[in-house]
>>> print(open('structure28.txt').read())   # compact mmCIF, C-alpha atoms and all ligand atoms
# COMPACT_ATOMS: atom_id res chain seq x y z
CA MET I 300 93.25 -72.49 13.20
CA GLU I 301 89.83 -71.63 11.69
CA ASP I 302 89.68 -69.71 8.44
CA ILE I 303 88.41 -66.17 8.94
CA LYS I 304 86.28 -64.88 6.07
CA VAL I 305 87.69 -61.53 4.99
CA PRO I 306 85.07 -59.39 3.28
CA ASN I 307 85.96 -58.57 -0.28
CA LEU I 308 86.94 -54.92 0.09
CA GLY I 309 87.18 -54.41 -3.65
CA GLN I 310 83.53 -55.46 -4.17
CA ALA I 311 82.32 -53.35 -1.23
CA ALA I 312 84.16 -50.29 -2.57
CA SER I 313 82.77 -50.77 -6.07
CA ALA I 314 79.20 -51.18 -4.69
CA ALA I 315 79.64 -47.98 -2.65
CA CYS I 316 80.98 -46.18 -5.75
CA SER I 317 78.08 -47.27 -7.93
CA MET I 318 75.58 -46.21 -5.21
CA ALA I 319 77.25 -42.81 -5.00
CA THR I 320 77.25 -42.49 -8.80
CA ASN I 321 73.53 -43.30 -8.97
CA PHE I 322 72.78 -40.91 -6.11
CA LEU I 323 74.72 -38.04 -7.67
CA ALA I 324 73.69 -38.72 -11.28
CA PRO I 325 71.79 -35.87 -12.95
CA VAL I 326 68.01 -36.22 -12.52
CA LYS I 327 67.60 -35.80 -16.30
CA THR I 328 70.44 -36.38 -18.74
CA GLU I 329 71.33 -33.88 -21.48
CA ARG I 330 69.93 -36.34 -24.01
CA GLN I 331 66.59 -36.60 -22.18
CA ILE I 332 66.42 -32.81 -22.07
CA TYR I 333 67.14 -32.49 -25.81
CA GLU I 334 64.73 -35.25 -26.80
CA ASN I 335 61.82 -34.56 -24.46
CA SER I 336 61.60 -30.82 -23.84
CA MET I 337 61.29 -27.66 -25.89
CA LEU I 338 64.64 -25.92 -26.41
CA GLU I 339 63.67 -22.48 -25.20
CA ASP I 340 67.23 -21.13 -25.26
CA ASP I 341 67.67 -22.18 -28.89
CA PRO I 342 64.91 -20.63 -31.02
CA ASN I 343 66.68 -21.60 -34.27
CA ALA I 344 66.74 -25.23 -33.09
CA ASN I 345 70.42 -25.71 -33.95
CA SER I 346 70.83 -28.28 -31.20
CA VAL I 347 67.70 -30.30 -31.96
CA VAL I 348 68.32 -34.03 -32.23
CA PRO I 349 66.81 -35.73 -35.32
CA THR I 350 63.08 -36.16 -34.78
CA SER I 351 60.34 -38.24 -36.40
CA GLN I 352 58.44 -37.11 -39.49
CA GLU I 353 55.36 -36.57 -37.28
CA ASP I 354 57.33 -34.18 -34.99
CA ARG I 355 58.36 -32.14 -38.04
CA THR I 356 54.86 -31.77 -39.47
CA VAL I 357 52.83 -31.36 -36.24
CA PRO I 358 54.84 -29.62 -33.49
CA ARG I 359 55.20 -31.35 -30.16
CA TRP I 360 55.61 -28.03 -28.34
CA GLY I 361 55.25 -24.31 -28.84
CA PRO I 362 52.65 -21.75 -29.91
CA ASN I 363 51.66 -23.75 -33.03
CA HIS I 364 50.60 -26.80 -31.01
CA LYS I 365 46.83 -27.19 -31.49
CA GLY I 366 46.16 -28.07 -27.82
CA ALA I 367 48.15 -25.03 -26.66
CA GLN I 368 46.16 -22.76 -28.99
CA GLU I 369 42.85 -24.19 -27.72
CA LEU I 370 43.94 -23.66 -24.10
CA ALA I 371 45.17 -20.11 -24.75
CA ASN I 372 41.75 -19.25 -26.23
CA LEU I 373 40.01 -20.30 -22.99
CA TYR I 374 41.51 -17.27 -21.15
CA SER I 375 38.34 -15.23 -20.46
CA THR I 376 37.42 -11.65 -19.54
CA GLY I 377 36.01 -12.89 -16.23
CA LYS I 378 39.33 -14.52 -15.39
CA ARG I 379 41.19 -11.34 -16.34
CA THR I 380 38.91 -9.29 -14.03
CA GLN I 381 39.60 -11.64 -11.10
CA GLU I 382 43.36 -11.33 -11.72
CA CYS I 383 43.23 -7.49 -11.89
CA ILE I 384 41.32 -7.31 -8.58
CA CYS I 385 43.73 -9.73 -6.86
CA VAL I 386 46.83 -7.87 -8.09
CA GLY I 387 45.41 -4.52 -6.86
CA ILE I 388 44.49 -5.85 -3.40
CA CYS I 389 47.73 -7.80 -2.95
CA ILE I 390 50.06 -4.92 -3.88
CA THR I 391 48.18 -2.61 -1.47
CA LEU I 392 48.48 -5.16 1.36
CA ILE I 393 52.21 -5.73 0.71
CA ALA I 394 52.81 -1.96 0.85
CA VAL I 395 50.79 -1.52 4.09
CA ASN I 396 52.44 -4.51 5.79
CA SER I 397 55.94 -3.40 4.71
CA VAL I 398 55.41 -0.05 6.47
CA PHE I 399 54.17 -1.82 9.65
CA VAL I 400 57.11 -4.28 9.62
CA LEU I 401 59.64 -1.44 9.28
CA ILE I 402 58.00 0.50 12.14
CA LYS I 403 57.99 -2.51 14.50
CA LEU I 404 61.45 -3.84 13.57
CA ARG I 405 63.91 -4.07 16.51
CA LEU I 406 67.55 -4.55 15.50
CA GLU I 407 68.32 -6.78 18.52
CA ASN I 408 65.96 -9.46 17.06
CA LEU I 409 67.65 -9.45 13.67
CA SER I 410 69.14 -12.97 13.85
CA SER I 411 65.84 -14.68 14.78
CA ILE I 412 64.05 -12.59 12.15
CA ALA I 413 66.57 -13.76 9.52
CA ILE I 414 65.93 -17.41 10.47
CA ALA I 415 62.16 -16.82 10.34
CA ALA I 416 62.51 -15.20 6.93
CA LEU I 417 64.57 -18.13 5.63
CA CYS I 418 61.96 -20.61 6.93
CA GLY I 419 59.28 -18.52 5.17
CA ILE I 420 61.16 -18.80 1.86
CA ILE I 421 61.63 -22.57 2.26
CA THR I 422 57.92 -23.00 3.07
CA ALA I 423 57.03 -20.97 -0.03
CA ASP I 424 59.25 -23.25 -2.16
CA PHE I 425 57.56 -26.36 -0.75
CA GLY I 426 54.10 -24.78 -1.18
CA SER I 427 54.90 -23.93 -4.82
CA GLY I 428 55.89 -27.56 -5.39
CA LEU I 429 52.79 -28.97 -3.75
CA VAL I 430 50.33 -26.74 -5.62
CA HIS I 431 52.20 -27.16 -8.93
CA TRP I 432 52.34 -30.96 -8.49
CA ALA I 433 48.62 -31.17 -7.58
CA ALA I 434 47.58 -28.98 -10.55
CA ASP I 435 49.87 -30.76 -13.06
CA THR I 436 49.05 -34.27 -11.93
CA TRP I 437 45.35 -34.38 -11.02
CA GLY I 438 42.03 -32.93 -12.18
CA SER I 439 41.02 -31.80 -15.61
CA VAL I 440 40.32 -28.63 -17.60
CA GLU I 441 36.71 -29.91 -17.83
CA LEU I 442 36.17 -29.45 -14.05
CA PRO I 443 33.67 -26.66 -13.28
CA ILE I 444 35.26 -23.30 -12.26
CA LEU I 445 38.58 -24.83 -11.18
CA GLY I 446 39.38 -26.39 -14.58
CA LYS I 447 39.23 -23.43 -16.97
CA ASN I 448 40.31 -20.83 -14.43
CA PHE I 449 43.11 -22.50 -12.48
CA LEU I 450 44.20 -25.77 -14.16
CA ARG I 451 44.20 -24.46 -17.76
CA PRO I 452 47.42 -22.38 -17.36
CA PHE I 453 49.31 -25.46 -16.08
CA ARG I 454 48.25 -27.54 -19.11
CA GLU I 455 49.11 -24.74 -21.53
CA HIS I 456 52.49 -24.23 -19.87
CA HIS I 457 53.67 -27.80 -20.54
CA ILE I 458 52.90 -27.78 -24.25
CA ASP I 459 53.89 -24.15 -24.85
CA PRO I 460 56.42 -23.29 -22.11
CA THR I 461 57.34 -19.97 -23.73
CA SER I 462 53.73 -18.69 -23.61
CA ILE I 463 54.43 -17.48 -20.05
CA THR I 464 57.06 -15.07 -21.43
CA ARG I 465 54.34 -13.43 -23.56
CA HIS I 466 51.93 -13.03 -20.61
CA ASP I 467 51.77 -9.57 -19.04
CA PHE I 468 52.22 -8.78 -15.33
CA ILE I 469 48.51 -9.35 -14.49
CA GLU I 470 48.18 -12.72 -16.24
CA THR I 471 51.50 -13.93 -14.83
CA ASN I 472 50.88 -12.95 -11.22
CA GLY I 473 47.10 -12.77 -10.66
CA ASP I 474 46.61 -16.24 -9.18
CA ASN I 475 49.67 -16.22 -6.90
CA PHE I 476 48.75 -12.77 -5.63
CA MET I 477 45.28 -14.17 -4.85
CA VAL I 478 46.78 -16.97 -2.71
CA ALA I 479 48.81 -14.45 -0.67
CA ILE I 480 45.82 -12.16 0.10
CA PRO I 481 44.37 -14.09 3.13
CA VAL I 482 47.76 -14.20 4.92
CA LEU I 483 48.54 -10.54 4.19
CA SER I 484 45.02 -9.52 5.33
CA LYS I 485 45.47 -11.37 8.63
CA LEU I 486 48.85 -9.65 9.18
CA THR I 487 47.35 -6.21 8.52
CA TRP I 488 44.49 -7.03 10.90
CA ASP I 489 46.99 -8.01 13.63
CA PHE I 490 49.04 -4.83 13.13
CA LEU I 491 45.88 -2.73 13.46
CA THR I 492 44.28 -4.48 16.44
CA LEU I 493 47.02 -5.96 18.67
CA SER I 494 48.84 -4.04 21.40
CA GLU I 495 52.53 -3.10 21.00
CA MET I 496 53.55 -5.84 23.47
CA GLU I 497 51.49 -8.55 21.75
CA MET I 498 52.92 -7.49 18.40
CA GLN I 499 56.52 -7.65 19.68
CA GLN I 500 55.89 -11.11 21.18
CA ARG I 501 54.79 -12.53 17.84
CA PHE I 502 57.00 -10.39 15.60
CA VAL I 503 59.28 -13.27 14.52
CA TRP I 504 56.21 -15.26 13.40
CA THR I 505 54.88 -12.17 11.64
CA CYS I 506 58.14 -11.96 9.66
CA TYR I 507 57.85 -15.65 8.77
CA TRP I 508 54.32 -15.22 7.40
CA PHE I 509 55.20 -11.95 5.65
CA LEU I 510 58.18 -13.43 3.76
CA LEU I 511 56.16 -16.57 3.00
CA ALA I 512 53.35 -14.44 1.51
CA ILE I 513 55.78 -12.28 -0.51
CA PHE I 514 57.59 -15.31 -1.97
CA VAL I 515 54.27 -17.04 -2.74
CA ALA I 516 53.12 -13.86 -4.51
CA MET I 517 56.41 -13.60 -6.43
CA THR I 518 56.59 -17.26 -7.43
CA ASN I 519 55.11 -17.08 -10.92
CA GLN I 520 57.15 -13.98 -11.78
CA ILE I 521 60.28 -15.92 -10.71
CA HIS I 522 59.00 -18.86 -12.77
CA LYS I 523 58.49 -16.57 -15.79
CA TRP I 524 62.10 -15.33 -15.46
CA SER I 525 63.30 -18.95 -15.43
CA HIS I 526 61.79 -19.27 -18.95
CA THR I 527 63.18 -15.96 -20.21
CA TYR I 528 66.40 -16.63 -22.10
CA PHE I 529 66.70 -13.24 -23.79
CA GLY I 530 66.71 -9.70 -22.38
CA LEU I 531 66.56 -10.44 -18.63
CA PRO I 532 67.84 -7.62 -16.38
CA GLY I 533 71.33 -8.26 -14.96
CA TRP I 534 70.13 -8.33 -11.34
CA VAL I 535 67.64 -11.14 -12.11
CA ILE I 536 70.38 -13.24 -13.76
CA TRP I 537 72.57 -12.53 -10.72
CA LEU I 538 69.83 -13.78 -8.33
CA GLN I 539 69.36 -16.87 -10.54
CA GLU I 540 73.07 -17.62 -10.61
CA LEU I 541 73.27 -17.32 -6.82
CA ARG I 542 70.27 -19.72 -6.67
CA ILE I 543 68.32 -17.24 -4.55
CA ILE I 544 65.53 -17.56 -7.14
CA LEU I 545 64.75 -20.45 -9.51
CA PRO I 546 67.61 -20.79 -12.05
CA ARG I 547 66.81 -21.42 -15.75
CA LYS I 548 68.87 -24.57 -16.17
CA HIS I 549 67.41 -26.03 -12.98
CA HIS I 550 63.78 -25.52 -14.09
CA ARG I 551 64.44 -27.22 -17.44
CA VAL I 552 64.47 -30.52 -15.55
CA HIS I 553 60.75 -30.12 -14.80
CA HIS I 554 59.97 -29.47 -18.47
CA VAL I 555 61.23 -32.85 -19.65
CA ALA I 556 58.14 -34.94 -20.56
CA PRO I 557 56.30 -36.43 -18.70
CA HIS I 558 56.80 -33.56 -16.21
CA GLU I 559 56.92 -35.79 -13.15
CA THR I 560 59.57 -34.09 -10.98
CA TYR I 561 61.16 -30.74 -9.94
CA PHE I 562 57.80 -29.07 -9.17
CA CYS I 563 59.20 -26.43 -6.76
CA ILE I 564 59.44 -23.12 -8.63
CA THR I 565 60.22 -20.41 -6.06
CA THR I 566 63.87 -21.07 -5.24
CA GLY I 567 64.01 -24.71 -6.36
CA TRP I 568 66.01 -25.57 -3.22
CA LEU I 569 63.77 -28.53 -2.31
CA ASN I 570 63.68 -30.17 -5.76
CA TRP I 571 66.75 -32.32 -5.41
CA PRO I 572 66.03 -33.64 -1.86
CA LEU I 573 62.37 -34.32 -2.73
CA GLU I 574 63.44 -36.19 -5.88
CA LYS I 575 65.94 -38.31 -3.90
CA LEU I 576 63.24 -39.10 -1.33
CA GLN I 577 60.88 -40.00 -4.23
CA PHE I 578 58.40 -37.75 -2.45
CA TRP I 579 56.11 -37.02 -5.46
CA TYR I 580 56.27 -40.59 -6.73
CA ILE I 581 55.22 -42.01 -3.34
CA LEU I 582 52.38 -39.47 -3.03
CA GLU I 583 51.16 -40.40 -6.52
CA MET I 584 51.31 -44.13 -5.71
CA ILE I 585 49.19 -43.60 -2.57
CA ILE I 586 46.62 -41.47 -4.44
CA GLU I 587 46.46 -43.81 -7.43
CA TRP I 588 46.07 -46.81 -5.14
CA SER I 589 43.32 -45.20 -3.04
CA THR I 590 41.33 -43.43 -5.81
CA GLY I 591 42.18 -45.28 -9.02
CA CYS I 592 43.02 -41.96 -10.75
CA LYS I 593 45.99 -42.04 -13.13
CA PRO I 594 48.56 -39.26 -12.56
CA ARG I 595 48.88 -36.73 -15.43
CA ALA I 596 46.06 -38.32 -17.49
CA ASP I 597 44.62 -34.90 -18.44
CA ASP I 598 48.10 -33.45 -19.08
CA LEU I 599 48.85 -36.29 -21.51
CA LYS I 600 45.48 -35.84 -23.24
CA TRP I 601 46.28 -32.17 -23.99
CA ALA I 602 49.85 -32.99 -25.07
CA GLN I 603 48.42 -35.39 -27.66
CA LYS I 604 46.03 -32.82 -29.22
CA ARG I 605 48.60 -31.99 -31.87
CA SER I 606 46.34 -31.78 -34.90
ZN ZN M 701 54.49 -28.22 -14.53
ZN ZN M 702 57.93 -23.78 -16.27
>>> encode(input="structure28.txt", output="structure tokens", more="lines below")
Ligand SMILES: [Zn+2]
Ligand SMILES: [Zn+2]
Amino acid sequence: MEDIKVPNLGQAASAACSMATNFLAPVKTERQIYENSMLEDDPNANSVVPTSQEDRTVPRWGPNHKGAQELANLYSTGKRTQECICVGICITLIAVNSVFVLIKLRLENLSSIAIAALCGIITADFGSGLVHWAADTWGSVELPILGKNFLRPFREHHIDPTSITRHDFIETNGDNFMVAIPVLSKLTWDFLTLSEMEMQQRFVWTCYWFLLAIFVAMTNQIHKWSHTYFGLPGWVIWLQELRIILPRKHHRVHHVAPHETYFCITTGWLNWPLEKLQFWYILEMIIEWSTGCKPRADDLKWAQKRS
């Protein structure tokens, strides 16, 4: 009788175990977090691991970092004016659309509206990741208009992550409110011009776009809360713990240098799957290969301006 080769079950099981361990391993280890990010929850630095002499004399992070100070000083009156206008318009549009949505709401459509709302939130999370990744990874503060006005806050945020907690409501939310304005304007226009029947036919889509716009508008406030380790209201901590909004511990993974993953900052729901799919890495490879641009070159340049 011929010998039948029996597969080595022990080896197969151990290979499967090691694959599962790799798959489920934390994206950043505790050690990587301690060594390569600012310890925002520990202002007295009790848990800091021993650092080099250079790190002790010229800070790697925080408000005393020279690059962070230079970037903070680039915040201009013109930029502030743009943010004030956007906040005013966006809040008005949210209020007007909320009234219209409540008037048109039919309870029998509640389940499809809930699904539409959930899809809107997931789209907002993906959108936050895409914009955050693009702004962190490409372009430079030197670019006309875009650089100083829209890329500067991203560079500042990596070298002084706590600066966001010192920004007021306008500076925190101005840009995200601006992004939501076109969608909210279109919704208001539809409510004012379409017939009752047309409005009811597209109401589920309207709810999708409305929730998407609200979560896009709220994203940087949610992001600011994820950096606030002291004095947060109880209901915000509750929403963070339920993972309805970006939790603090979750967002720390993004702040581990070189800031190459966990870009989604609305709910953070998509961070883990996108990391496992190597979504950002593959996108960067394609862009680097086709344009020759190095990812995060400008971010690294600012991080190195320590003295
Ligand atoms: Zn970032
Ligand atoms: Zn952050």
>>> closest_residue(input="structure28.txt", among="I:Glu369, I:Glu540, I:Glu441, I:Asp597", to="Pro557 (chain I)", atoms="all atoms listed in the file")
I:Asp597
>>> residues_near_ligand(input="structure28.txt", ligand="ligand ZN 702 (chain M)", cutoff="10 Å", atoms="all atoms listed in the file", output="PyMOL selection string")
chain I and resi 431+453+456-457+459-463+519+521-526+547+550-554+558+561-564
>>> atom_distance(input="structure28.txt", atom1="CA of Asp435 (chain I)", atom2="CA of Pro452 (chain I)")
9.7 Å
>>> closest_residue(input="structure28.txt", among="I:Lys378, I:Leu541, I:Ala416, I:Ala433", to="Leu582 (chain I)", atoms="all atoms listed in the file")
I:Ala433
>>> atom_distance(input="structure28.txt", atom1="CA of Val398 (chain I)", atom2="CA of Ile544 (chain I)")
24.4 Å
>>> residues_around(input="structure28.txt", residues="Cys385 (chain I)", least_positions_apart="2", cutoff="8 Å", atoms="all atoms listed in the file", output="CSV table (one decimal) with C-alpha atoms, keeping the file's coordinate frame")
chain,number,residue,atom,x,y,z
I,381,GLN,CA,39.6,-11.6,-11.1
I,382,GLU,CA,43.4,-11.3,-11.7
I,383,CYS,CA,43.2,-7.5,-11.9
I,387,GLY,CA,45.4,-4.5,-6.9
I,388,ILE,CA,44.5,-5.8,-3.4
I,389,CYS,CA,47.7,-7.8,-3.0
I,473,GLY,CA,47.1,-12.8,-10.7
I,474,ASP,CA,46.6,-16.2,-9.2
I,476,PHE,CA,48.8,-12.8,-5.6
I,477,MET,CA,45.3,-14.2,-4.8
I,480,ILE,CA,45.8,-12.2,0.1
>>> atom_distance(input="structure28.txt", atom1="CA of Val555 (chain I)", atom2="CA of Ile332 (chain I)")
5.7 Å
>>> closest_residue(input="structure28.txt", among="I:Gln499, I:Ser606, I:Thr565, I:Thr391", to="Glu407 (chain I)", atoms="all atoms listed in the file")
I:Gln499
>>> residues_around(input="structure28.txt", residues="Leu486 (chain I)", least_positions_apart="5", cutoff="9 Å", atoms="all atoms listed in the file", output="ChimeraX atom specification")
/I:396,481,491,505,508-509
>>> residues_near_point(input="structure28.txt", point="(57.7, -16.7, 14.3)", cutoff="10 Å", atoms="all atoms listed in the file", output="list in words")
Ser411, Ile412, Ile414, Ala415, Ala416, Cys418, Gly419, Gln500, Arg501, Phe502, Val503, Trp504, Thr505, Cys506, Tyr507 and Trp508 of chain I
>>> closest_residue(input="structure28.txt", among="I:Thr590, I:Asn472, I:Ser494, I:Ser439", to="Thr518 (chain I)", atoms="all atoms listed in the file")
I:Asn472
>>> closest_residue(input="structure28.txt", among="I:Glu583, I:Asp489, I:Glu455, I:Glu470", to="ligand ZN 701 (chain M)", atoms="only C-alpha atoms and all ligand atoms")
I:Glu455
>>> build_atoms(input="structure28.txt", residues="region 586-601 of chain I", atoms="N, CA and C atoms", output="PDB file, in the coordinates of the input")
ATOM      1  N   ILE I 586      47.871 -42.016  -3.889  1.00  0.00           N
ATOM      2  CA  ILE I 586      46.620 -41.470  -4.440  1.00  0.00           C
ATOM      3  C   ILE I 586      46.055 -42.396  -5.512  1.00  0.00           C
ATOM      4  N   GLU I 587      46.926 -42.908  -6.373  1.00  0.00           N
ATOM      5  CA  GLU I 587      46.460 -43.810  -7.430  1.00  0.00           C
ATOM      6  C   GLU I 587      45.865 -45.087  -6.823  1.00  0.00           C
ATOM      7  N   TRP I 588      46.521 -45.585  -5.794  1.00  0.00           N
ATOM      8  CA  TRP I 588      46.070 -46.810  -5.140  1.00  0.00           C
ATOM      9  C   TRP I 588      44.728 -46.585  -4.448  1.00  0.00           C
ATOM     10  N   SER I 589      44.551 -45.407  -3.812  1.00  0.00           N
ATOM     11  CA  SER I 589      43.320 -45.200  -3.040  1.00  0.00           C
ATOM     12  C   SER I 589      42.162 -44.665  -3.888  1.00  0.00           C
ATOM     13  N   THR I 590      42.444 -43.993  -5.024  1.00  0.00           N
ATOM     14  CA  THR I 590      41.330 -43.430  -5.810  1.00  0.00           C
ATOM     15  C   THR I 590      41.174 -44.076  -7.194  1.00  0.00           C
ATOM     16  N   GLY I 591      42.221 -44.693  -7.671  1.00  0.00           N
ATOM     17  CA  GLY I 591      42.180 -45.280  -9.020  1.00  0.00           C
ATOM     18  C   GLY I 591      42.494 -44.264 -10.107  1.00  0.00           C
ATOM     19  N   CYS I 592      42.709 -42.990  -9.742  1.00  0.00           N
ATOM     20  CA  CYS I 592      43.020 -41.960 -10.750  1.00  0.00           C
ATOM     21  C   CYS I 592      44.454 -42.120 -11.231  1.00  0.00           C
ATOM     22  N   LYS I 593      44.635 -41.944 -12.559  1.00  0.00           N
ATOM     23  CA  LYS I 593      45.990 -42.040 -13.130  1.00  0.00           C
ATOM     24  C   LYS I 593      46.651 -40.678 -13.105  1.00  0.00           C
ATOM     25  N   PRO I 594      47.888 -40.567 -12.570  1.00  0.00           N
ATOM     26  CA  PRO I 594      48.560 -39.260 -12.560  1.00  0.00           C
ATOM     27  C   PRO I 594      48.805 -38.734 -13.982  1.00  0.00           C
ATOM     28  N   ARG I 595      48.599 -37.438 -14.170  1.00  0.00           N
ATOM     29  CA  ARG I 595      48.880 -36.730 -15.430  1.00  0.00           C
ATOM     30  C   ARG I 595      48.054 -37.217 -16.626  1.00  0.00           C
ATOM     31  N   ALA I 596      46.878 -37.839 -16.363  1.00  0.00           N
ATOM     32  CA  ALA I 596      46.060 -38.320 -17.490  1.00  0.00           C
ATOM     33  C   ALA I 596      45.582 -37.147 -18.337  1.00  0.00           C
ATOM     34  N   ASP I 597      45.131 -36.053 -17.690  1.00  0.00           N
ATOM     35  CA  ASP I 597      44.620 -34.900 -18.440  1.00  0.00           C
ATOM     36  C   ASP I 597      45.765 -34.168 -19.159  1.00  0.00           C
ATOM     37  N   ASP I 598      46.923 -34.098 -18.499  1.00  0.00           N
ATOM     38  CA  ASP I 598      48.100 -33.450 -19.080  1.00  0.00           C
ATOM     39  C   ASP I 598      48.499 -34.166 -20.384  1.00  0.00           C
ATOM     40  N   LEU I 599      48.487 -35.483 -20.343  1.00  0.00           N
ATOM     41  CA  LEU I 599      48.850 -36.290 -21.510  1.00  0.00           C
ATOM     42  C   LEU I 599      47.826 -36.110 -22.629  1.00  0.00           C
ATOM     43  N   LYS I 600      46.545 -36.031 -22.238  1.00  0.00           N
ATOM     44  CA  LYS I 600      45.480 -35.840 -23.240  1.00  0.00           C
ATOM     45  C   LYS I 600      45.712 -34.544 -24.019  1.00  0.00           C
ATOM     46  N   TRP I 601      46.044 -33.453 -23.313  1.00  0.00           N
ATOM     47  CA  TRP I 601      46.280 -32.170 -23.990  1.00  0.00           C
ATOM     48  C   TRP I 601      47.552 -32.211 -24.826  1.00  0.00           C
TER      49      TRP I 601
END
